file my_file-v5.pdb (PDB, C-alpha atoms)
ATOM      1  CA  MET Q 288      16.061  -5.201 -17.275
ATOM      2  CA  SER Q 289      14.152  -8.420 -17.875
ATOM      3  CA  GLY Q 290      16.532 -10.340 -15.616
ATOM      4  CA  GLU Q 291      16.021  -8.067 -12.632
ATOM      5  CA  ARG Q 292      13.986  -9.365  -9.728
ATOM      6  CA  THR Q 293      10.591  -7.810  -9.021
ATOM      7  CA  TRP Q 294       9.823  -7.470  -5.326
ATOM      8  CA  THR Q 295       6.146  -7.717  -4.409
ATOM      9  CA  ALA Q 296       3.966  -6.957  -1.427
ATOM     10  CA  ALA Q 297       0.382  -7.590  -0.416
ATOM     11  CA  LEU Q 298      -1.822  -5.395   1.751
ATOM     12  CA  LEU Q 299      -4.380  -6.870   4.132
ATOM     13  CA  VAL Q 300      -6.959  -4.291   5.195
ATOM     14  CA  ILE Q 301      -8.664  -5.381   8.409
ATOM     15  CA  GLY Q 302     -11.951  -4.094   9.745
ATOM     16  CA  ASP Q 303     -15.706  -4.516   9.689
ATOM     17  CA  GLU Q 304     -16.013  -0.745   9.268
ATOM     18  CA  ILE Q 305     -14.296  -0.906   5.879
ATOM     19  CA  LEU Q 306     -16.512  -3.718   4.603
ATOM     20  CA  SER Q 307     -19.666  -1.996   5.835
ATOM     21  CA  GLY Q 308     -18.785   1.223   4.034
ATOM     22  CA  ARG Q 309     -18.846   3.224   7.264
ATOM     23  CA  THR Q 310     -15.165   4.058   6.831
ATOM     24  CA  GLN Q 311     -13.537   4.752   3.477
ATOM     25  CA  ASP Q 312     -10.090   3.200   3.256
ATOM     26  CA  LYS Q 313      -7.281   5.624   2.455
ATOM     27  CA  ASN Q 314      -4.362   3.348   3.184
ATOM     28  CA  VAL Q 315      -4.252   1.448  -0.108
ATOM     29  CA  ALA Q 316      -3.096   4.497  -2.066
ATOM     30  CA  GLN Q 317      -0.524   5.640   0.473
ATOM     31  CA  VAL Q 318       0.910   2.152   1.005
ATOM     32  CA  ALA Q 319       1.094   1.570  -2.764
ATOM     33  CA  THR Q 320       2.858   4.899  -3.307
ATOM     34  CA  TRP Q 321       5.307   4.297  -0.475
ATOM     35  CA  LEU Q 322       6.067   0.767  -1.649
ATOM     36  CA  ASN Q 323       6.820   1.974  -5.169
ATOM     37  CA  GLU Q 324       9.321   4.447  -3.724
ATOM     38  CA  GLN Q 325      11.017   1.479  -2.043
ATOM     39  CA  GLY Q 326      11.141  -0.431  -5.344
ATOM     40  CA  ILE Q 327       8.401  -2.849  -4.275
ATOM     41  CA  ARG Q 328       5.186  -3.526  -6.200
ATOM     42  CA  LEU Q 329       1.868  -3.706  -4.408
ATOM     43  CA  ALA Q 330       0.563  -6.809  -6.147
ATOM     44  CA  GLU Q 331      -2.530  -7.710  -4.121
ATOM     45  CA  VAL Q 332      -5.025  -6.124  -1.714
ATOM     46  CA  ARG Q 333      -7.457  -8.073   0.426
ATOM     47  CA  ILE Q 334     -10.099  -6.808   2.882
ATOM     48  CA  VAL Q 335     -11.229  -9.039   5.733
ATOM     49  CA  PRO Q 336     -13.597  -8.641   8.694
ATOM     50  CA  ASP Q 337     -12.647  -8.589  12.367
ATOM     51  CA  GLU Q 338     -12.499 -12.368  12.660
ATOM     52  CA  ILE Q 339      -9.366 -14.030  13.981
ATOM     53  CA  ALA Q 340      -9.603 -17.118  11.759
ATOM     54  CA  ARG Q 341     -10.193 -15.086   8.581
ATOM     55  CA  ILE Q 342      -7.298 -12.748   9.377
ATOM     56  CA  ALA Q 343      -4.916 -15.582  10.263
ATOM     57  CA  ASP Q 344      -5.751 -17.554   7.122
ATOM     58  CA  SER Q 345      -5.197 -14.489   4.949
ATOM     59  CA  VAL Q 346      -1.914 -13.670   6.666
ATOM     60  CA  ASN Q 347      -0.555 -17.158   6.036
ATOM     61  CA  ALA Q 348      -1.697 -17.156   2.420
ATOM     62  CA  LEU Q 349      -0.327 -13.719   1.564
ATOM     63  CA  ARG Q 350       2.982 -13.849   3.437
ATOM     64  CA  ALA Q 351       3.818 -17.064   1.614
ATOM     65  CA  THR Q 352       3.206 -15.674  -1.869
ATOM     66  CA  HIS Q 353       4.791 -12.215  -1.582
ATOM     67  CA  ASP Q 354       8.074 -10.814  -0.340
ATOM     68  CA  TYR Q 355       6.252  -8.599   2.132
ATOM     69  CA  LEU Q 356       2.831  -8.368   3.714
ATOM     70  CA  PHE Q 357       1.434  -5.211   5.277
ATOM     71  CA  THR Q 358      -1.702  -5.074   7.381
ATOM     72  CA  THR Q 359      -3.684  -2.018   8.458
ATOM     73  CA  GLY Q 360      -6.210  -1.806  11.252
ATOM     74  CA  GLY Q 361      -7.079  -3.623  14.446
ATOM     75  CA  ILE Q 362      -4.165  -2.768  16.745
ATOM     76  CA  GLY Q 363      -5.869  -0.229  19.029
ATOM     77  CA  PRO Q 364      -6.960  -0.427  22.693
ATOM     78  CA  THR Q 365     -10.493  -1.799  22.316
ATOM     79  CA  HIS Q 366     -11.812  -5.346  22.544
ATOM     80  CA  ASP Q 367     -12.406  -5.586  18.787
ATOM     81  CA  ASP Q 368      -8.785  -4.780  17.954
ATOM     82  CA  ILE Q 369      -7.742  -8.361  17.353
ATOM     83  CA  THR Q 370      -5.028  -8.166  14.700
ATOM     84  CA  VAL Q 371      -2.244  -9.081  17.134
ATOM     85  CA  ASP Q 372      -4.191 -12.115  18.338
ATOM     86  CA  ALA Q 373      -4.819 -13.192  14.757
ATOM     87  CA  MET Q 374      -1.151 -12.743  13.897
ATOM     88  CA  ALA Q 375      -0.155 -14.907  16.850
ATOM     89  CA  GLU Q 376      -2.627 -17.506  15.616
ATOM     90  CA  ALA Q 377      -1.081 -17.389  12.140
ATOM     91  CA  PHE Q 378       2.468 -17.826  13.471
ATOM     92  CA  ARG Q 379       1.405 -20.293  16.177
ATOM     93  CA  VAL Q 380       2.998 -18.308  18.987
ATOM     94  CA  PRO Q 381       1.568 -16.763  22.183
ATOM     95  CA  VAL Q 382       0.786 -13.083  22.670
ATOM     96  CA  ILE Q 383       3.041 -11.215  25.112
ATOM     97  CA  VAL Q 384       3.399  -7.658  26.370
ATOM     98  CA  HIS Q 385       6.561  -6.365  24.707
ATOM     99  CA  PRO Q 386       8.718  -4.708  27.412
ATOM    100  CA  ASP Q 387       9.957  -1.958  25.102
ATOM    101  CA  ALA Q 388       6.445  -1.244  23.879
ATOM    102  CA  ARG Q 389       5.295  -0.986  27.502
ATOM    103  CA  LYS Q 390       8.044   1.532  28.260
ATOM    104  CA  ILE Q 391       7.080   3.595  25.211
ATOM    105  CA  LEU Q 392       3.459   3.699  26.328
ATOM    106  CA  GLU Q 393       4.342   4.439  29.951
ATOM    107  CA  GLU Q 394       6.309   7.470  28.801
ATOM    108  CA  TYR Q 395       3.697   8.552  26.264
ATOM    109  CA  TYR Q 396       0.829   8.459  28.781
ATOM    110  CA  ARG Q 397       2.810   9.657  31.814
ATOM    111  CA  ASP Q 398       1.359  13.175  31.799
ATOM    112  CA  ARG Q 399      -1.893  12.408  30.001
ATOM    113  CA  PRO Q 400      -5.255  11.995  31.746
ATOM    114  CA  GLY Q 401      -5.776   8.465  33.026
ATOM    115  CA  GLY Q 402      -2.201   7.368  32.459
ATOM    116  CA  LEU Q 403      -1.453   3.896  31.124
ATOM    117  CA  THR Q 404      -4.737   2.057  31.595
ATOM    118  CA  GLU Q 405      -5.282  -1.635  30.964
ATOM    119  CA  ALA Q 406      -7.009  -0.749  27.695
ATOM    120  CA  ARG Q 407      -4.057   1.343  26.536
ATOM    121  CA  LEU Q 408      -1.645  -1.384  27.608
ATOM    122  CA  ARG Q 409      -3.291  -3.620  24.999
ATOM    123  CA  MET Q 410      -1.301  -1.629  22.425
ATOM    124  CA  ALA Q 411       1.909  -3.143  23.859
ATOM    125  CA  ARG Q 412       0.759  -6.678  23.037
ATOM    126  CA  VAL Q 413       2.680  -8.457  20.251
ATOM    127  CA  PRO Q 414       3.127 -12.011  18.985
ATOM    128  CA  GLU Q 415       6.104 -13.546  20.762
ATOM    129  CA  GLY Q 416       9.272 -12.935  18.756
ATOM    130  CA  ALA Q 417       8.009  -9.758  17.092
ATOM    131  CA  GLU Q 418       9.956  -6.528  16.593
ATOM    132  CA  LEU Q 419       8.547  -3.028  16.979
ATOM    133  CA  ILE Q 420       7.958  -0.392  14.304
ATOM    134  CA  VAL Q 421       8.508   3.147  15.558
ATOM    135  CA  ASN Q 422       5.426   5.355  15.635
ATOM    136  CA  ALA Q 423       6.331   9.032  15.897
ATOM    137  CA  ALA Q 424       2.698  10.100  15.526
ATOM    138  CA  SER Q 425       0.976   8.585  18.537
ATOM    139  CA  GLY Q 426       3.411   6.500  20.558
ATOM    140  CA  ALA Q 427       1.902   3.018  20.212
ATOM    141  CA  PRO Q 428       4.305   1.096  17.974
ATOM    142  CA  GLY Q 429       3.595  -1.027  14.961
ATOM    143  CA  VAL Q 430       4.705  -4.650  14.848
ATOM    144  CA  ARG Q 431       7.000  -6.580  12.539
ATOM    145  CA  MET Q 432       6.857 -10.367  12.461
ATOM    146  CA  GLY Q 433       9.043 -11.960   9.807
ATOM    147  CA  ASN Q 434       8.012 -10.429   6.496
ATOM    148  CA  VAL Q 435       4.729  -9.156   7.959
ATOM    149  CA  HIS Q 436       4.385  -5.512   8.964
ATOM    150  CA  ILE Q 437       1.392  -4.618  11.151
ATOM    151  CA  LEU Q 438       0.356  -0.975  10.823
ATOM    152  CA  ALA Q 439      -2.351   1.152  12.377
ATOM    153  CA  GLY Q 440      -5.575   1.714  10.474
ATOM    154  CA  VAL Q 441      -5.644   5.485  11.037
ATOM    155  CA  PRO Q 442      -3.977   6.840   7.871
ATOM    156  CA  TYR Q 443      -1.706   9.477   9.451
ATOM    157  CA  ILE Q 444      -0.447   6.948  12.013
ATOM    158  CA  ALA Q 445       0.107   4.329   9.308
ATOM    159  CA  ALA Q 446       2.061   6.975   7.375
ATOM    160  CA  ALA Q 447       4.310   7.592  10.378
ATOM    161  CA  MET Q 448       5.035   3.874  10.660
ATOM    162  CA  LEU Q 449       5.842   3.662   6.958
ATOM    163  CA  GLU Q 450       8.208   6.597   7.352
ATOM    164  CA  ALA Q 451      10.033   4.659  10.076
ATOM    165  CA  LEU Q 452      10.492   1.782   7.609
ATOM    166  CA  THR Q 453      11.722   3.956   4.732
ATOM    167  CA  GLY Q 454      14.956   2.603   3.276
ATOM    168  CA  LYS Q 455      14.928  -0.465   5.512
ATOM    169  CA  LEU Q 456      13.342  -3.011   3.140
ATOM    170  CA  GLU Q 457      15.089  -4.697   0.277
ATOM    171  CA  GLY Q 458      13.562  -3.828  -3.085
ATOM    172  CA  GLY Q 459      14.274  -3.127  -6.719
ATOM    173  CA  ARG Q 460      13.931   0.010  -8.797
ATOM    174  CA  PRO Q 461      10.892   2.294  -8.399
ATOM    175  CA  VAL Q 462       8.405   2.313 -11.253
ATOM    176  CA  VAL Q 463       8.259   5.632 -13.111
ATOM    177  CA  SER Q 464       4.874   6.795 -14.413
ATOM    178  CA  VAL Q 465       4.296   9.214 -17.286
ATOM    179  CA  THR Q 466       0.756  10.380 -18.073
ATOM    180  CA  VAL Q 467      -0.510  11.549 -21.455
ATOM    181  CA  GLY Q 468      -4.085  12.848 -21.478
ATOM    182  CA  ALA Q 469      -6.153  13.239 -24.636
ATOM    183  CA  ARG Q 470      -9.733  13.891 -25.764
ATOM    184  CA  ALA Q 471      -9.711  10.443 -27.273
ATOM    185  CA  PRO Q 472     -12.303   7.715 -26.650
ATOM    186  CA  GLU Q 473     -10.530   4.559 -25.544
ATOM    187  CA  SER Q 474     -12.135   2.464 -28.266
ATOM    188  CA  ASP Q 475     -10.783   4.784 -30.985
ATOM    189  CA  VAL Q 476      -7.146   4.449 -29.901
ATOM    190  CA  ALA Q 477      -7.028   0.893 -28.549
ATOM    191  CA  ASP Q 478      -4.898  -0.352 -31.449
ATOM    192  CA  LEU Q 479      -2.598   2.657 -31.202
ATOM    193  CA  LEU Q 480      -2.003   1.961 -27.504
ATOM    194  CA  ARG Q 481      -1.348  -1.727 -28.119
ATOM    195  CA  GLU Q 482       1.112  -0.974 -30.929
ATOM    196  CA  THR Q 483       2.961   1.640 -28.863
ATOM    197  CA  GLU Q 484       3.314  -0.735 -25.935
ATOM    198  CA  ALA Q 485       4.504  -3.565 -28.200
ATOM    199  CA  ALA Q 486       7.094  -1.274 -29.805
ATOM    200  CA  ASN Q 487       8.589  -0.396 -26.412
ATOM    201  CA  PRO Q 488       9.433  -3.543 -24.436
ATOM    202  CA  GLY Q 489       9.696  -2.786 -20.736
ATOM    203  CA  VAL Q 490       6.680  -0.482 -20.545
ATOM    204  CA  ALA Q 491       3.054  -1.055 -19.656
ATOM    205  CA  ILE Q 492       0.342   1.359 -20.777
ATOM    206  CA  GLY Q 493      -2.904   1.707 -18.857
ATOM    207  CA  SER Q 494      -5.962   3.654 -20.020
ATOM    208  CA  TYR Q 495      -8.183   5.588 -17.595
ATOM    209  CA  PRO Q 496     -11.239   7.386 -19.066
ATOM    210  CA  PHE Q 497     -12.566  10.717 -17.789
ATOM    211  CA  PHE Q 498     -15.438  13.092 -18.499
ATOM    212  CA  ARG Q 499     -14.741  16.806 -18.189
ATOM    213  CA  ASP Q 500     -16.360  19.962 -19.505
ATOM    214  CA  GLY Q 501     -18.971  17.893 -21.285
ATOM    215  CA  ARG Q 502     -16.451  15.823 -23.232
ATOM    216  CA  TYR Q 503     -14.949  12.366 -22.922
ATOM    217  CA  GLY Q 504     -11.282  11.558 -22.945
ATOM    218  CA  ALA Q 505      -8.706   9.333 -21.280
ATOM    219  CA  ASN Q 506      -5.442   9.453 -19.436
ATOM    220  CA  PHE Q 507      -2.866   7.025 -20.780
ATOM    221  CA  VAL Q 508      -0.339   6.080 -18.098
ATOM    222  CA  ILE Q 509       3.010   4.678 -19.195
ATOM    223  CA  ARG Q 510       4.857   2.749 -16.459
ATOM    224  CA  SER Q 511       8.381   1.390 -16.482
ATOM    225  CA  GLU Q 512      11.327   0.823 -14.164
ATOM    226  CA  ASP Q 513      13.356   2.675 -16.816
ATOM    227  CA  GLY Q 514      12.452   6.334 -16.402
ATOM    228  CA  GLU Q 515      13.990   7.414 -19.695
ATOM    229  CA  LEU Q 516      12.108   4.684 -21.547
ATOM    230  CA  ALA Q 517       8.835   5.783 -19.909
ATOM    231  CA  ARG Q 518       9.394   9.404 -20.912
ATOM    232  CA  ARG Q 519      10.427   8.484 -24.447
ATOM    233  CA  THR Q 520       7.357   6.288 -24.861
ATOM    234  CA  GLY Q 521       5.169   9.082 -23.521
ATOM    235  CA  ASN Q 522       6.539  11.492 -26.133
ATOM    236  CA  GLN Q 523       6.024   8.891 -28.826
ATOM    237  CA  LEU Q 524       2.443   8.268 -27.742
ATOM    238  CA  ALA Q 525       1.687  12.004 -27.673
ATOM    239  CA  SER Q 526       3.023  12.345 -31.226
ATOM    240  CA  ARG Q 527       0.965   9.418 -32.474
ATOM    241  CA  LEU Q 528      -2.169  10.830 -30.850
ATOM    242  CA  ARG Q 529      -1.611  14.142 -32.612
ATOM    243  CA  GLU Q 530      -1.125  12.368 -35.918
ATOM    244  CA  ALA Q 531      -4.438  10.592 -35.331
ATOM    245  CA  GLY Q 532      -6.146  13.933 -34.727
ATOM    246  CA  TYR Q 533      -6.278  13.880 -30.910
ATOM    247  CA  ASP Q 534      -4.487  16.753 -29.218
ATOM    248  CA  PRO Q 535      -2.988  15.711 -25.861
ATOM    249  CA  VAL Q 536      -4.283  17.585 -22.793
ATOM    250  CA  ASP Q 537      -2.762  17.990 -19.355
ATOM    251  CA  GLY Q 538      -4.435  16.489 -16.279
ATOM    252  CA  GLY Q 539      -7.425  14.723 -17.725
ATOM    253  CA  ILE Q 540      -8.547  13.934 -14.160
TER     254      ILE Q 540
END

call {"tool": "encode", "arguments": {"input": "my_file-v5.pdb", "output": "structure tokens"}}
result
Amino acid sequence: MSGERTWTAALLVIGDEILSGRTQDKNVAQVATWLNEQGIRLAEVRIVPDEIARIADSVNALRATHDYLFTTGGIGPTHDDITVDAMAEAFRVPVIVHPDARKILEEYYRDRPGGLTEARLRMARVPEGAELIVNAASGAPGVRMGNVHILAGVPYIAAAMLEALTGKLEGGRPVVSVTVGARAPESDVADLLRETEAANPGVAIGSYPFFRDGRYGANFVIRSEDGELARRTGNQLASRLREAGYDPVDGGI
């Protein structure tokens, strides 16, 4: 187990609307969940404004320190959708209209009002040398450039692009999570958690407090690439909590 490679990814969330609070990001959770299913850990998330230099600098920093980089946002038809331009800046290549992307958009907009306008054609622009990511939700494809995967910011479209990538990235084993909830203040069981984790190499235990029905408690999440070890540790933790006088509860939050 300890000798196995851990594959990591970073997520770069792009958009002034996220930083302003106008739009609540929903992609972090779905990208993290999808990555875990591929055996890849989401190790870092960064949010940047719609500024080409800031995006390009972040792309170069993150793609160099992780196996994969995913970006969300900024690949639509409007003037402020500048992710492709920033990606070209990062890779020091020109922006081109991808012929296959153009064909996809021509077909998608053939019978729709307005057809393929110049604004819509912007969604066929890619950094030179890029590959396309299929988008079954809305036609306009995502973009893959080396280890960088450029996804839409709209969550259901990003999900469709992730689905197209399922099983196509090299990764390790998915992390299995087991949750034990208890009406136990974190401070009262901190030593118990530390001892349980130390007694089970290969697991990590996180503590997440909640308040429900007028009472405090916490969910203790056991994570491991070894599913049986995670489940065994969860049972052990539940037993120790009972012995300490804290009855486990289901679904603390």

call {"tool": "atom_distance", "arguments": {"input": "my_file-v5.pdb", "atom1": "atom CA of Tyr503 of chain Q", "atom2": "atom CA of Glu473 of chain Q"}}
result
9.3 Å

call {"tool": "closest_residue", "arguments": {"input": "my_file-v5.pdb", "among": "Q:Thr404, Q:Leu449, Q:Glu393, Q:Val371", "to": "Asn422 of chain Q", "atoms": "only C-alpha atoms"}}
result
Q:Leu449

call {"tool": "closest_residue", "arguments": {"input": "my_file-v5.pdb", "among": "Q:Ile362, Q:Asp354, Q:Arg397, Q:Ala446", "to": "Arg412 of chain Q", "atoms": "all atoms listed in the file"}}
result
Q:Ile362

call {"tool": "closest_residue", "arguments": {"input": "my_file-v5.pdb", "among": "Q:Ala469, Q:Ala485, Q:Leu299, Q:Leu524", "to": "Phe498 of chain Q", "atoms": "all atoms listed in the file"}}
result
Q:Ala469

call {"tool": "resolve_selection", "arguments": {"input": "my_file-v5.pdb", "expression": "the PyMOL selection byres ((chain Q and resi 295) around 9)", "output": "list in words"}}
result
Thr293, Trp294, Ala296, Ala297, Leu322, Gly326, Ile327, Arg328, Leu329, Ala330, Glu331, Thr352, His353, Asp354, Tyr355, Leu356 and Gly458 of chain Q

call {"tool": "atom_distance", "arguments": {"input": "my_file-v5.pdb", "atom1": "atom CA of Val384 of chain Q", "atom2": "atom CA of Ala427 of chain Q"}}
result
12.4 Å

call {"tool": "residues_near_point", "arguments": {"input": "my_file-v5.pdb", "point": "(-11.6, -15.2, 11.2)", "cutoff": "12 Å", "atoms": "only C-alpha atoms", "output": "ChimeraX atom specification"}}
result
/Q:301-303,334-346,369-370,372-374,376-377

call {"tool": "atom_distance", "arguments": {"input": "my_file-v5.pdb", "atom1": "atom CA of Met410 of chain Q", "atom2": "atom CA of Gln325 of chain Q"}}
result
27.6 Å

call {"tool": "closest_residue", "arguments": {"input": "my_file-v5.pdb", "among": "Q:Tyr495, Q:Phe507, Q:Tyr443, Q:Tyr395", "to": "Thr359 of chain Q", "atoms": "only C-alpha atoms"}}
result
Q:Tyr443

call {"tool": "resolve_selection", "arguments": {"input": "my_file-v5.pdb", "expression": "the PyMOL selection byres ((chain Q and resi 506) around 9)", "output": "PyMOL selection string"}}
result
chain Q and resi 466-471+493-497+504-505+507-508+536-540

call {"tool": "write_last_selection", "arguments": {"input": "my_file-v5.pdb", "atoms": "C-alpha atoms", "output": "PDB file, in the frame of the given file"}}
result
ATOM      1  CA  THR Q 466       0.756  10.380 -18.073  1.00  0.00           C
ATOM      2  CA  VAL Q 467      -0.510  11.549 -21.455  1.00  0.00           C
ATOM      3  CA  GLY Q 468      -4.085  12.848 -21.478  1.00  0.00           C
ATOM      4  CA  ALA Q 469      -6.153  13.239 -24.636  1.00  0.00           C
ATOM      5  CA  ARG Q 470      -9.733  13.891 -25.764  1.00  0.00           C
ATOM      6  CA  ALA Q 471      -9.711  10.443 -27.273  1.00  0.00           C
ATOM      7  CA  GLY Q 493      -2.904   1.707 -18.857  1.00  0.00           C
ATOM      8  CA  SER Q 494      -5.962   3.654 -20.020  1.00  0.00           C
ATOM      9  CA  TYR Q 495      -8.183   5.588 -17.595  1.00  0.00           C
ATOM     10  CA  PRO Q 496     -11.239   7.386 -19.066  1.00  0.00           C
ATOM     11  CA  PHE Q 497     -12.566  10.717 -17.789  1.00  0.00           C
ATOM     12  CA  GLY Q 504     -11.282  11.558 -22.945  1.00  0.00           C
ATOM     13  CA  ALA Q 505      -8.706   9.333 -21.280  1.00  0.00           C
ATOM     14  CA  PHE Q 507      -2.866   7.025 -20.780  1.00  0.00           C
ATOM     15  CA  VAL Q 508      -0.339   6.080 -18.098  1.00  0.00           C
ATOM     16  CA  VAL Q 536      -4.283  17.585 -22.793  1.00  0.00           C
ATOM     17  CA  ASP Q 537      -2.762  17.990 -19.355  1.00  0.00           C
ATOM     18  CA  GLY Q 538      -4.435  16.489 -16.279  1.00  0.00           C
ATOM     19  CA  GLY Q 539      -7.425  14.723 -17.725  1.00  0.00           C
ATOM     20  CA  ILE Q 540      -8.547  13.934 -14.160  1.00  0.00           C
TER      21      ILE Q 540
END

call {"tool": "closest_residue", "arguments": {"input": "my_file-v5.pdb", "among": "Q:Thr453, Q:Thr365, Q:Ser425, Q:Gln311", "to": "Ala406 of chain Q", "atoms": "all atoms listed in the file"}}
result
Q:Thr365

call {"tool": "closest_residue", "arguments": {"input": "my_file-v5.pdb", "among": "Q:Leu528, Q:Gly402, Q:Gly360, Q:Glu512", "to": "Arg292 of chain Q", "atoms": "all atoms listed in the file"}}
result
Q:Glu512

call {"tool": "residues_around", "arguments": {"input": "my_file-v5.pdb", "residues": "segment 416-421 of chain Q", "least_positions_apart": "5", "cutoff": "6 Å", "atoms": "only C-alpha atoms", "output": "list in words"}}
result
Pro428, Gly429, Val430, Arg431, Met432 and Ala451 of chain Q

call {"tool": "write_last_selection", "arguments": {"input": "my_file-v5.pdb", "atoms": "C-alpha atoms", "output": "compact mmCIF listing (two decimals), in the coordinates of the input"}}
result
# COMPACT_ATOMS: atom_id res chain seq x y z
CA PRO Q 428 4.30 1.10 17.97
CA GLY Q 429 3.60 -1.03 14.96
CA VAL Q 430 4.70 -4.65 14.85
CA ARG Q 431 7.00 -6.58 12.54
CA MET Q 432 6.86 -10.37 12.46
CA ALA Q 451 10.03 4.66 10.08

call {"tool": "decode", "arguments": {"input": "my_file-v5.pdb", "residues": "segment 524-538 of chain Q", "atoms": "N, CA and C atoms", "output": "PDB file, in the first residue's frame"}}
result
ATOM      1  N   LEU Q 524     -13.861   2.181  15.705  1.00  0.00           N
ATOM      2  CA  LEU Q 524     -14.130   3.507  16.261  1.00  0.00           C
ATOM      3  C   LEU Q 524     -15.508   3.548  16.915  1.00  0.00           C
ATOM      4  N   ALA Q 525     -16.505   2.951  16.264  1.00  0.00           N
ATOM      5  CA  ALA Q 525     -17.854   2.924  16.835  1.00  0.00           C
ATOM      6  C   ALA Q 525     -17.856   2.213  18.180  1.00  0.00           C
ATOM      7  N   SER Q 526     -17.113   1.113  18.277  1.00  0.00           N
ATOM      8  CA  SER Q 526     -17.042   0.368  19.543  1.00  0.00           C
ATOM      9  C   SER Q 526     -16.371   1.200  20.626  1.00  0.00           C
ATOM     10  N   ARG Q 527     -15.306   1.888  20.282  1.00  0.00           N
ATOM     11  CA  ARG Q 527     -14.599   2.698  21.264  1.00  0.00           C
ATOM     12  C   ARG Q 527     -15.459   3.878  21.729  1.00  0.00           C
ATOM     13  N   LEU Q 528     -16.247   4.444  20.805  1.00  0.00           N
ATOM     14  CA  LEU Q 528     -17.136   5.529  21.198  1.00  0.00           C
ATOM     15  C   LEU Q 528     -18.202   5.037  22.177  1.00  0.00           C
ATOM     16  N   ARG Q 529     -18.718   3.855  21.932  1.00  0.00           N
ATOM     17  CA  ARG Q 529     -19.707   3.288  22.858  1.00  0.00           C
ATOM     18  C   ARG Q 529     -19.094   3.062  24.234  1.00  0.00           C
ATOM     19  N   GLU Q 530     -17.885   2.531  24.230  1.00  0.00           N
ATOM     20  CA  GLU Q 530     -17.201   2.276  25.505  1.00  0.00           C
ATOM     21  C   GLU Q 530     -16.969   3.573  26.275  1.00  0.00           C
ATOM     22  N   ALA Q 531     -16.801   4.676  25.535  1.00  0.00           N
ATOM     23  CA  ALA Q 531     -16.578   5.968  26.176  1.00  0.00           C
ATOM     24  C   ALA Q 531     -17.893   6.658  26.551  1.00  0.00           C
ATOM     25  N   GLY Q 532     -19.008   5.995  26.242  1.00  0.00           N
ATOM     26  CA  GLY Q 532     -20.309   6.539  26.620  1.00  0.00           C
ATOM     27  C   GLY Q 532     -20.992   7.361  25.560  1.00  0.00           C
ATOM     28  N   TYR Q 533     -20.506   7.285  24.298  1.00  0.00           N
ATOM     29  CA  TYR Q 533     -21.115   8.047  23.204  1.00  0.00           C
ATOM     30  C   TYR Q 533     -21.708   7.073  22.195  1.00  0.00           C
ATOM     31  N   ASP Q 534     -23.022   7.020  22.128  1.00  0.00           N
ATOM     32  CA  ASP Q 534     -23.675   6.127  21.184  1.00  0.00           C
ATOM     33  C   ASP Q 534     -23.586   6.705  19.769  1.00  0.00           C
ATOM     34  N   PRO Q 535     -23.068   5.913  18.813  1.00  0.00           N
ATOM     35  CA  PRO Q 535     -23.007   6.385  17.431  1.00  0.00           C
ATOM     36  C   PRO Q 535     -24.404   6.674  16.890  1.00  0.00           C
ATOM     37  N   VAL Q 536     -24.520   7.659  16.004  1.00  0.00           N
ATOM     38  CA  VAL Q 536     -25.778   7.981  15.340  1.00  0.00           C
ATOM     39  C   VAL Q 536     -25.538   8.006  13.844  1.00  0.00           C
ATOM     40  N   ASP Q 537     -26.588   7.748  13.093  1.00  0.00           N
ATOM     41  CA  ASP Q 537     -26.476   7.761  11.630  1.00  0.00           C
ATOM     42  C   ASP Q 537     -26.737   9.152  11.108  1.00  0.00           C
ATOM     43  N   GLY Q 538     -25.923   9.561  10.106  1.00  0.00           N
ATOM     44  CA  GLY Q 538     -26.192  10.831   9.393  1.00  0.00           C
ATOM     45  C   GLY Q 538     -26.216  12.039  10.294  1.00  0.00           C
TER      46      GLY Q 538
END
